[in-house]
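First comes the structure, then the notes that go with it.
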Amino acid sequence: MVQINNEQTQKTQDSLYRFVLGLADDSVVLSHRLSEWCSNGPYLEEDIALANIALDYIGRARMLYQYAAEVEGKNRSEDDLAYSRTEREFTNLLIHELPIGDFAFTMVRQFFLDVFYNLYLEELVKSKDDTVAAIAQKAIKESRYHLKRSEPWIRQLAEGTDESRKRTLLALDELKQVVGELFDMPDWETDLVDSGIAVDRKSLKPAWDKHVQSFFSASNIDVEACQLQIVGGRNGIHSEHLGHMLSEMQYLQKTYPGMKW
Amino acid sequence: MNQEHLAVYEVFVRSNRGLDHKHVGSLHAESPEHALMYARDCYIRRSEGVSIWVVESTNITASAESDVENFVEPMDDKPYRHATHYVLPDKVNNM
């Protein structure tokens with residue numbers, strides 16, 4: 001009897017580790033992508049604003065990696081998890097890793113994710129895991145601001161010039177292929193939903209579709225309900241882009257392991 | 001990006017409750033809403049303030065440097081206008 005309980009506990013710990021690690025990978029990868037706008041923004045103010053959001057996500061990633069390392073219990077640090085794992089070991093959802101593209105692509109992705117994280121974190125703050133709930137509580141304040149920022153941008157791009165509208169539509173086309181993965185549930189997350197720790201992503205889809213569709217319809221753009229198309233991120237199957245990104249992101253730690261400054 | 005269509009806004013930040021908004025700088029933005037967000041990201045990201053005003057620079061009517069002789073200097077020799085004899089109680093911090 002005791003044996004079974006131990007196995008059960010171990011399984012929950014494994015699930016918790018993979019769950020938290022996946023969220024941390026989502027955050028660090030998106031953060032790195034956003035940071036690529038630093039010094040390349042359309043103008044100085046927007047440059048700083050995007051870098052600021054990148055910093056919000058790096059803060060999130062740190063809290064999540066620290067907790068993942070603690071749950072794993074193998075004496076690894078947040079830096080080990082972020083800088084020493086290979087591409088196949090990263091379990092971020094694909095939408096976070098796509099290259100920044102043009103400004104419209106970056107903003108449409110941001111808008112999609114901001115709507116998602118507002119819904120997701122709103123549920124995650126109720127997690128029965130106190131640490132997860134506390135991280136969500138901190139993150140949701142940031143995500144509320146992010147959405148307030150991305151909405152007027154999307155409106156402006158969609159209704160601006162012919163060029164900005166064209167680019168917005170192209171971004172929508174490309175992103176709809178990967179956005180469905182946000183609502184896909186890996187087994188270990190499903191296990192944790194039953195114990196009240198994780199959030200059922202599937203249940204958020206109707207609200208996400210409704211928000212995105214009604215927002216775009218105001219600019220006369222029809223967006224279909226999102227569908228599961230390209231998947232693989234949570235299982236370490238990535239686009240060709242992540243490896244290149246990681247080689248840059250992890251360069252220093254790979255060249256000088258354990259380097260600090 | 002072509003910045004010609006961007007307006008310039010002046011940014012005023014109130015660093016604490018009870019204090020006044022102070023001019024801290026200016027920035028470019030697409031609209032007043034954007035200006036407020038940029039001001040948040042550029043000027044209070046290290047918790048420098050609790051409230052922000054943004055005003056489009058063209059809405060400010062300013063005195064001219066060239067008028068200083070008749071506009072400012074006449075005040076210089078009128079010390080009786082200064083309230084120098086009032087002692088401010090220590091408890092009044094921000095005045």
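Please note that chains go A, B, ... in the order of the structure tokens, that every chain numbers its residues from 1, and that ligands are numbered from 1 in the order shown.
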Please report, as a PyMOL selection string, each residue of segment 33-244 of chain A to which DSSP assigns alpha helix (DSSP H) when run on this structure's backbone. chain A and resi 33-35+44-72+78-83+94-97+103-124+130-159+162-179+187-194+205-217+240-244
Where does chain A meet chain B within 8 Å, residue by residue, with the nearest atom pair and distance in Å to one decimal for each, counting only C-alpha atoms, listed by chain and rising number, as a tab-separated table?
residue	atom	partner	partner_atom	distance
A:Pro42	CA	B:Met1	CA	5.3
A:Tyr43	CA	B:Met1	CA	6.8
A:Glu45	CA	B:Tyr38	CA	5.9
A:Glu46	CA	B:Tyr38	CA	7.1
A:Ile48	CA	B:Cys42	CA	6.7
A:Ala49	CA	B:Asp41	CA	5.5
A:Asn52	CA	B:Asp41	CA	6.7
A:Arg149	CA	B:Met37	CA	7.3
For atom CA of Leu172 of chain A and atom CA of Lys205 of chain A, quote the distance in Å rounded to one decimal. 17.0 Å
One number please: atom CA of Ser247 of chain A to atom CA of Glu87 of chain A, in Å, one decimal.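 Those two atoms sit 9.1 Å apart.
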Find the residues around Leu21 of chain A up to 8 Å (only C-alpha atoms counted), leave out those fewer than 5 positions away in its own chain, and share them as a PDB file with C-alpha atoms, in the first residue's frame.
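Saved to part18.pdb:
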ATOM      1  CA  LEU A  64       9.491  28.729 -13.086  1.00  0.00           C
ATOM      2  CA  TYR A  65      12.983  27.274 -13.670  1.00  0.00           C
ATOM      3  CA  ALA A  68      11.265  23.149 -11.694  1.00  0.00           C
ATOM      4  CA  THR A  91       9.497  21.603 -24.399  1.00  0.00           C
TER       5      THR A  91
END
Do you know which residues are at most 7 Å from Ser26 of chain B counting only C-alpha atoms, after dropping those on the same chain fewer than 3 positions away, and could you put them as a list in words?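 So the residues in contact are Val8, Tyr9, Glu10 and Val11 of chain B.
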Could the residues in this selection be saved with C-alpha atoms as a JSON list (two decimals), in the first residue's frame?
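Output contents, as saved in selection_6.json:
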[["chain", "number", "residue", "atom", "x", "y", "z"],
["B", 8, "VAL", "CA", 6.02, 64.49, -29.58],
["B", 9, "TYR", "CA", 4.61, 64.25, -26.06],
["B", 10, "GLU", "CA", 5.90, 65.75, -22.83],
["B", 11, "VAL", "CA", 5.92, 63.39, -19.87]]
From a DSSP calculation on the backbone, collect every residue of chain B in strand (DSSP E) and output the set as a list in words. Ala7, Val8, Tyr9, Glu10, Val11, Phe12, Val13, Arg14, His21, Lys22, His23, Val24, Gly25, Ser26, Leu27, His28, Ala29, Ser51, Ile52, Trp53, Val54, Val55 and Glu56 of chain B
